[in-house]
file coords30.json (JSON, C-alpha atoms and all ligand atoms)
[["chain", "number", "residue", "atom", "x", "y", "z"],
["A", 30, "MET", "CA", -89.03, 74.74, 38.28],
["A", 31, "ASP", "CA", -85.39, 75.35, 37.42],
["A", 32, "ALA", "CA", -83.35, 77.56, 39.68],
["A", 33, "THR", "CA", -82.93, 80.14, 36.97],
["A", 34, "ARG", "CA", -86.61, 80.98, 37.33],
["A", 35, "ARG", "CA", -86.54, 81.35, 41.08],
["A", 36, "THR", "CA", -84.02, 84.08, 41.49],
["A", 37, "TRP", "CA", -84.91, 87.12, 43.49],
["A", 38, "MET", "CA", -82.95, 90.03, 42.16],
["A", 39, "ILE", "CA", -82.18, 92.53, 44.87],
["A", 40, "ALA", "CA", -80.18, 94.96, 42.82],
["A", 41, "THR", "CA", -80.40, 95.94, 39.23],
["A", 42, "GLY", "CA", -77.40, 96.58, 37.04],
["A", 43, "VAL", "CA", -75.81, 93.19, 37.52],
["A", 44, "ALA", "CA", -73.52, 92.32, 34.63],
["A", 45, "SER", "CA", -75.44, 91.33, 31.54],
["A", 46, "CYS", "CA", -74.28, 87.75, 31.63],
["A", 47, "VAL", "CA", -75.77, 87.46, 35.09],
["A", 48, "GLY", "CA", -79.03, 88.76, 33.80],
["A", 49, "THR", "CA", -79.34, 85.79, 31.51],
["A", 50, "ALA", "CA", -78.71, 83.50, 34.43],
["A", 51, "ALA", "CA", -81.22, 84.95, 36.78],
["A", 52, "THR", "CA", -84.81, 85.75, 35.98],
["A", 53, "ALA", "CA", -86.30, 88.24, 38.39],
["A", 54, "THR", "CA", -89.46, 86.96, 40.00],
["A", 55, "ALA", "CA", -89.70, 89.12, 43.07],
["A", 56, "PHE", "CA", -88.14, 92.17, 44.64],
["A", 57, "LEU", "CA", -87.59, 92.01, 48.35],
["A", 58, "GLU", "CA", -87.39, 95.51, 49.70],
["A", 59, "SER", "CA", -86.35, 94.31, 53.13],
["A", 60, "MET", "CA", -83.16, 92.93, 51.64],
["A", 61, "GLU", "CA", -82.23, 96.01, 49.69],
["A", 62, "PRO", "CA", -78.92, 97.48, 50.82],
["A", 63, "SER", "CA", -79.01, 101.07, 52.03],
["A", 64, "ASN", "CA", -77.80, 103.78, 49.67],
["A", 65, "GLU", "CA", -74.84, 104.39, 51.95],
["A", 66, "ALA", "CA", -73.82, 100.75, 51.87],
["A", 67, "GLN", "CA", -74.15, 100.68, 48.11],
["A", 68, "VAL", "CA", -72.07, 103.81, 47.71],
["A", 69, "ASN", "CA", -69.39, 102.90, 50.23],
["A", 70, "GLY", "CA", -69.38, 99.18, 49.64],
["A", 71, "GLY", "CA", -69.61, 98.60, 53.37],
["A", 72, "PRO", "CA", -71.12, 95.59, 55.08],
["A", 73, "ILE", "CA", -74.83, 95.10, 54.42],
["A", 74, "PRO", "CA", -77.46, 93.10, 56.31],
["A", 75, "VAL", "CA", -79.44, 90.58, 54.27],
["A", 76, "ASP", "CA", -82.69, 89.13, 55.60],
["A", 77, "LEU", "CA", -83.12, 85.49, 54.63],
["A", 78, "SER", "CA", -86.37, 84.84, 56.48],
["A", 79, "ARG", "CA", -88.41, 84.62, 53.27],
["A", 80, "LEU", "CA", -85.92, 82.54, 51.35],
["A", 81, "GLN", "CA", -87.44, 79.13, 50.79],
["A", 82, "PRO", "CA", -85.48, 75.85, 50.48],
["A", 83, "GLY", "CA", -84.24, 75.36, 46.95],
["A", 84, "HIS", "CA", -84.50, 79.07, 46.14],
["A", 85, "HIS", "CA", -81.81, 81.70, 45.93],
["A", 86, "ILE", "CA", -81.14, 85.42, 45.97],
["A", 87, "VAL", "CA", -78.78, 87.38, 43.75],
["A", 88, "LEU", "CA", -77.62, 90.83, 44.79],
["A", 89, "LEU", "CA", -75.03, 93.23, 43.55],
["A", 90, "TRP", "CA", -72.52, 94.23, 46.20],
["A", 91, "ARG", "CA", -69.18, 95.94, 45.64],
["A", 92, "GLY", "CA", -69.84, 95.48, 41.94],
["A", 93, "GLN", "CA", -69.99, 91.72, 42.29],
["A", 94, "PRO", "CA", -72.93, 89.34, 41.94],
["A", 95, "ILE", "CA", -73.48, 87.64, 45.28],
["A", 96, "TRP", "CA", -75.61, 84.51, 45.35],
["A", 97, "ILE", "CA", -77.25, 83.21, 48.49],
["A", 98, "VAL", "CA", -78.73, 79.75, 48.04],
["A", 99, "ARG", "CA", -80.85, 77.97, 50.61],
["A", 100, "ARG", "CA", -79.82, 74.41, 49.82],
["A", 101, "THR", "CA", -82.19, 71.51, 50.34],
["A", 102, "PRO", "CA", -81.07, 68.27, 52.00],
["A", 103, "GLN", "CA", -81.01, 66.75, 48.51],
["A", 104, "MET", "CA", -78.70, 69.49, 47.26],
["A", 105, "LEU", "CA", -76.39, 69.01, 50.23],
["A", 106, "ALA", "CA", -76.35, 65.26, 49.68],
["A", 107, "THR", "CA", -74.88, 65.77, 46.21],
["A", 108, "LEU", "CA", -71.72, 67.21, 47.78],
["A", 109, "LYS", "CA", -70.71, 63.78, 49.06],
["A", 110, "ARG", "CA", -71.01, 62.40, 45.54],
["A", 111, "THR", "CA", -68.96, 65.19, 43.98],
["A", 112, "GLN", "CA", -66.27, 65.15, 46.66],
["A", 113, "ASP", "CA", -63.89, 63.02, 44.58],
["A", 114, "LEU", "CA", -64.81, 64.70, 41.30],
["A", 115, "VAL", "CA", -63.90, 68.28, 42.19],
["A", 116, "ALA", "CA", -60.39, 69.70, 41.96],
["A", 117, "ASP", "CA", -60.13, 71.18, 45.44],
["A", 118, "PRO", "CA", -62.73, 69.56, 47.72],
["A", 119, "LEU", "CA", -61.70, 71.43, 50.89],
["A", 120, "SER", "CA", -60.86, 74.75, 49.22],
["A", 121, "ARG", "CA", -57.16, 74.85, 50.08],
["A", 122, "ASN", "CA", -56.19, 76.91, 47.01],
["A", 123, "THR", "CA", -54.24, 79.91, 48.26],
["A", 124, "GLN", "CA", -54.46, 81.96, 45.05],
["A", 125, "TYR", "CA", -58.25, 82.09, 45.35],
["A", 126, "PRO", "CA", -58.48, 81.86, 49.12],
["A", 127, "THR", "CA", -61.55, 80.58, 50.86],
["A", 128, "PRO", "CA", -62.03, 81.76, 54.47],
["A", 129, "THR", "CA", -60.89, 79.09, 56.91],
["A", 130, "TRP", "CA", -64.40, 78.84, 58.36],
["A", 131, "ALA", "CA", -65.65, 77.82, 54.89],
["A", 132, "GLN", "CA", -62.93, 75.30, 54.13],
["A", 133, "ASN", "CA", -65.34, 72.42, 54.50],
["A", 134, "ALA", "CA", -67.33, 70.30, 52.07],
["A", 135, "TRP", "CA", -70.31, 72.68, 52.03],
["A", 136, "ARG", "CA", -68.17, 75.88, 52.00],
["A", 137, "SER", "CA", -70.36, 77.84, 54.37],
["A", 138, "ILE", "CA", -71.10, 78.57, 58.00],
["A", 139, "LYS", "CA", -74.44, 76.79, 58.01],
["A", 140, "PRO", "CA", -74.66, 74.02, 55.41],
["A", 141, "GLU", "CA", -78.15, 75.13, 54.44],
["A", 142, "TYR", "CA", -77.19, 78.67, 53.41],
["A", 143, "PHE", "CA", -74.52, 79.07, 50.75],
["A", 144, "VAL", "CA", -73.08, 82.52, 50.02],
["A", 145, "PHE", "CA", -70.58, 83.03, 47.20],
["A", 146, "ILE", "CA", -69.44, 85.42, 44.48],
["A", 147, "ASP", "CA", -70.73, 84.26, 41.12],
["A", 148, "ILE", "CA", -67.62, 85.01, 39.10],
["A", 149, "CYS", "CA", -65.91, 82.19, 37.23],
["A", 150, "THR", "CA", -62.27, 81.80, 38.25],
["A", 151, "HIS", "CA", -61.27, 81.26, 34.62],
["A", 152, "LEU", "CA", -61.90, 84.60, 32.90],
["A", 153, "GLY", "CA", -64.58, 86.16, 35.03],
["A", 154, "CYS", "CA", -67.90, 85.24, 33.42],
["A", 155, "ALA", "CA", -70.96, 84.66, 35.59],
["A", 156, "PRO", "CA", -71.83, 80.97, 35.81],
["A", 157, "ILE", "CA", -75.49, 80.03, 35.50],
["A", 158, "GLY", "CA", -77.30, 78.09, 38.20],
["A", 159, "ARG", "CA", -78.32, 74.69, 36.84],
["A", 160, "PHE", "CA", -79.85, 73.06, 39.87],
["A", 161, "THR", "CA", -82.00, 70.44, 38.17],
["A", 162, "PRO", "CA", -80.23, 67.05, 38.14],
["A", 163, "GLY", "CA", -80.10, 64.79, 35.11],
["A", 164, "PRO", "CA", -79.34, 64.99, 31.41],
["A", 165, "GLN", "CA", -79.73, 68.40, 29.80],
["A", 166, "PRO", "CA", -77.99, 70.44, 27.12],
["A", 167, "GLY", "CA", -74.39, 71.32, 27.85],
["A", 168, "LEU", "CA", -74.10, 69.06, 30.89],
["A", 169, "PRO", "CA", -73.10, 65.44, 31.50],
["A", 170, "ASN", "CA", -75.88, 62.88, 31.85],
["A", 171, "ASP", "CA", -75.00, 62.27, 35.49],
["A", 172, "TRP", "CA", -75.31, 65.96, 36.38],
["A", 173, "LEU", "CA", -76.27, 66.46, 40.05],
["A", 174, "GLY", "CA", -76.82, 70.21, 40.08],
["A", 175, "GLY", "CA", -74.53, 73.20, 40.36],
["A", 176, "TRP", "CA", -73.32, 75.99, 38.08],
["A", 177, "LEU", "CA", -72.28, 76.04, 34.44],
["A", 178, "CYS", "CA", -70.13, 78.82, 33.04],
["A", 179, "PRO", "CA", -71.49, 79.80, 29.62],
["A", 180, "CYS", "CA", -68.17, 81.14, 28.36],
["A", 181, "HIS", "CA", -65.91, 78.09, 28.23],
["A", 182, "GLY", "CA", -67.94, 75.38, 29.96],
["A", 183, "SER", "CA", -66.46, 75.21, 33.45],
["A", 184, "ARG", "CA", -68.74, 73.34, 35.80],
["A", 185, "TYR", "CA", -69.12, 73.76, 39.54],
["A", 186, "ASP", "CA", -71.00, 71.65, 42.08],
["A", 187, "MET", "CA", -73.57, 72.79, 44.65],
["A", 188, "ALA", "CA", -70.80, 74.35, 46.76],
["A", 189, "ALA", "CA", -69.31, 76.19, 43.74],
["A", 190, "ARG", "CA", -66.37, 73.77, 43.76],
["A", 191, "VAL", "CA", -64.93, 73.45, 40.29],
["A", 192, "PHE", "CA", -64.82, 69.99, 38.78],
["A", 193, "LYS", "CA", -61.48, 68.50, 37.72],
["A", 194, "ASN", "CA", -60.08, 69.27, 34.26],
["A", 195, "MET", "CA", -62.08, 72.43, 33.71],
["A", 196, "PRO", "CA", -60.76, 75.73, 32.30],
["A", 197, "ALA", "CA", -61.40, 77.38, 35.66],
["A", 198, "PRO", "CA", -58.50, 76.84, 38.07],
["A", 199, "ALA", "CA", -60.31, 77.21, 41.37],
["A", 200, "ASN", "CA", -63.55, 77.21, 43.29],
["A", 201, "MET", "CA", -65.64, 80.37, 43.19],
["A", 202, "ILE", "CA", -64.97, 82.74, 46.05],
["A", 203, "VAL", "CA", -66.82, 82.88, 49.36],
["A", 204, "PRO", "CA", -67.02, 86.43, 50.74],
["A", 205, "ASP", "CA", -66.88, 87.36, 54.39],
["A", 206, "TYR", "CA", -70.23, 87.23, 56.15],
["A", 207, "GLU", "CA", -71.65, 86.28, 59.52],
["A", 208, "PHE", "CA", -75.03, 85.43, 60.97],
["A", 209, "LEU", "CA", -76.74, 88.09, 63.05],
["A", 210, "ASN", "CA", -79.51, 85.67, 63.96],
["A", 211, "ASP", "CA", -80.95, 82.47, 62.50],
["A", 212, "THR", "CA", -82.17, 84.10, 59.30],
["A", 213, "LYS", "CA", -80.16, 87.28, 58.90],
["A", 214, "ILE", "CA", -76.59, 87.73, 57.77],
["A", 215, "MET", "CA", -74.19, 90.64, 57.62],
["A", 216, "LEU", "CA", -72.38, 90.52, 54.31],
["A", 217, "GLY", "CA", -68.83, 91.89, 54.42],
["A", 218, "THR", "CA", -67.82, 91.09, 57.98],
["A", 219, "HIS", "CA", -66.80, 88.00, 59.89],
["A", 220, "ARG", "CA", -65.85, 88.18, 63.54],
["A", 221, "LEU", "CA", -64.40, 85.03, 65.04],
["B", 1, "LIG", "S1", -64.85, 82.30, 32.05],
["B", 1, "LIG", "FE1", -65.80, 80.56, 32.90],
["B", 1, "LIG", "S2", -65.02, 78.93, 31.78],
["B", 1, "LIG", "FE2", -64.01, 80.63, 30.95]]
call {"tool": "encode", "arguments": {"input": "coords30.json", "output": "structure tokens"}}
result
Amino acid sequence: MDATRRTWMIATGVASCVGTAATATAFLESMEPSNEAQVNGGPIPVDLSRLQPGHHIVLLWRGQPIWIVRRTPQMLATLKRTQDLVADPLSRNTQYPTPTWAQNAWRSIKPEYFVFIDICTHLGCAPIGRFTPGPQPGLPNDWLGGWLCPCHGSRYDMAARVFKNMPAPANMIVPDYEFLNDTKIMLGTHRL
């Protein structure tokens, strides 16, 4: 099943272009941010204990679509193959800064869990998760999985690193977060 059919929408009201990218299949109440957090835009805890490998969550936080993907070993293995194909493999771009703790090939704290803001760095559309490898409409035949921006065709790999020679100038942004335990994160904070 393609990733677009495995999204768990936590919040409604995500921008319409995100809605086309993510089909709601379940609503996880335990992950729902509190009203206060939604109103104030403060840090929110997100429980990942029910997130299965290869699946992802989309939630709206501070008006931005946040994706959390639990990457499989196969997904992580693609990052070695895209390393030389992406424009900024270690996320050194200072105009779209990536936290120093995510300036690695997998762009996360734990390689398995990938948290990022699904906003294209070109003109702000919401790229669509296209996790199934292989030939398919709108993608090269050697596609390994990642995100495709529907607006002008920018492509990103499984760490939301933009490929070379795309309209988008930079990798998609990684927000602050930290792990509270093995399967729970706090989105919006990162204490070193
Ligand atoms: S907004 Fe994504 S490619 Fe233009």
call {"tool": "residues_near_ligand", "arguments": {"input": "coords30.json", "ligand": "ligand LIG 1 (chain B)", "cutoff": "7 Å", "atoms": "all atoms listed in the file", "output": "PyMOL selection string"}}
result
chain A and resi 149-154+156+178-183+196-197
call {"tool": "atom_distance", "arguments": {"input": "coords30.json", "atom1": "CA of Asn133 in chain A", "atom2": "CA of Lys109 in chain A"}}
result
11.5 Å
call {"tool": "closest_residue", "arguments": {"input": "coords30.json", "among": "A:Pro162, A:Gly92, A:Pro169, A:Pro118", "to": "Ala189 in chain A", "atoms": "all atoms listed in the file"}}
result
A:Pro118
call {"tool": "residues_around", "arguments": {"input": "coords30.json", "residues": "Phe208 in chain A", "least_positions_apart": "5", "cutoff": "12 Å", "atoms": "all atoms listed in the file", "output": "list of chain:residue names"}}
result
A:Ile73, A:Pro74, A:Val75, A:Asp76, A:Leu77, A:Ser137, A:Ile138, A:Lys139, A:Tyr142, A:Val144, A:Lys213, A:Ile214, A:Met215, A:Leu216, A:Gly217, A:Thr218, A:His219, A:Arg220, A:Leu221
call {"tool": "atom_distance", "arguments": {"input": "coords30.json", "atom1": "CA of Glu207 in chain A", "atom2": "CA of Tyr125 in chain A"}}
result
19.9 Å
call {"tool": "residues_around", "arguments": {"input": "coords30.json", "residues": "range 95-100 of chain A", "least_positions_apart": "3", "cutoff": "8 Å", "atoms": "only C-alpha atoms", "output": "ChimeraX atom specification"}}
result
/A:80-90,103-105,140-147
call {"tool": "atom_distance", "arguments": {"input": "coords30.json", "atom1": "CA of Gln93 in chain A", "atom2": "CA of Asn122 in chain A"}}
result
20.8 Å
call {"tool": "residues_around", "arguments": {"input": "coords30.json", "residues": "Thr127 in chain A", "least_positions_apart": "3", "cutoff": "9 Å", "atoms": "only C-alpha atoms", "output": "PyMOL selection string"}}
result
chain A and resi 120-123+130-132+136+200-204
call {"tool": "closest_residue", "arguments": {"input": "coords30.json", "among": "A:Pro128, A:Pro102, A:Pro94, A:Gly71", "to": "Ile157 in chain A", "atoms": "all atoms listed in the file"}}
result
A:Pro94
call {"tool": "residues_near_point", "arguments": {"input": "coords30.json", "point": "(-83.4, 67.6, 36.3)", "cutoff": "12 Å", "atoms": "all atoms listed in the file", "output": "list in words"}}
result
Met30, Asp31, Ala32, Arg159, Phe160, Thr161, Pro162, Gly163, Pro164, Gln165, Pro166, Leu168, Pro169, Asn170, Asp171, Trp172, Leu173, Gly174 and Gly175 of chain A
call {"tool": "closest_residue", "arguments": {"input": "coords30.json", "among": "A:Thr101, A:Pro126, A:Ala155, A:Trp176", "to": "Ala188 in chain A", "atoms": "only C-alpha atoms"}}
result
A:Trp176
call {"tool": "closest_residue", "arguments": {"input": "coords30.json", "among": "A:Asp113, A:Pro72, A:Ala106, A:Ser78", "to": "Lys193 in chain A", "atoms": "all atoms listed in the file"}}
result
A:Asp113
call {"tool": "residues_near_point", "arguments": {"input": "coords30.json", "point": "(-69.1, 68.0, 52.1)", "cutoff": "6 Å", "atoms": "only C-alpha atoms", "output": "VMD selection string"}}
result
chain A and resid 108 to 109 134 to 135
call {"tool": "closest_residue", "arguments": {"input": "coords30.json", "among": "A:Arg79, A:Arg110, A:Arg184, A:Arg91", "to": "Pro198 in chain A", "atoms": "all atoms listed in the file"}}
result
A:Arg184
call {"tool": "closest_residue", "arguments": {"input": "coords30.json", "among": "A:Tyr185, A:Thr129, A:Gln124, A:Ile148", "to": "Thr111 in chain A", "atoms": "all atoms listed in the file"}}
result
A:Tyr185
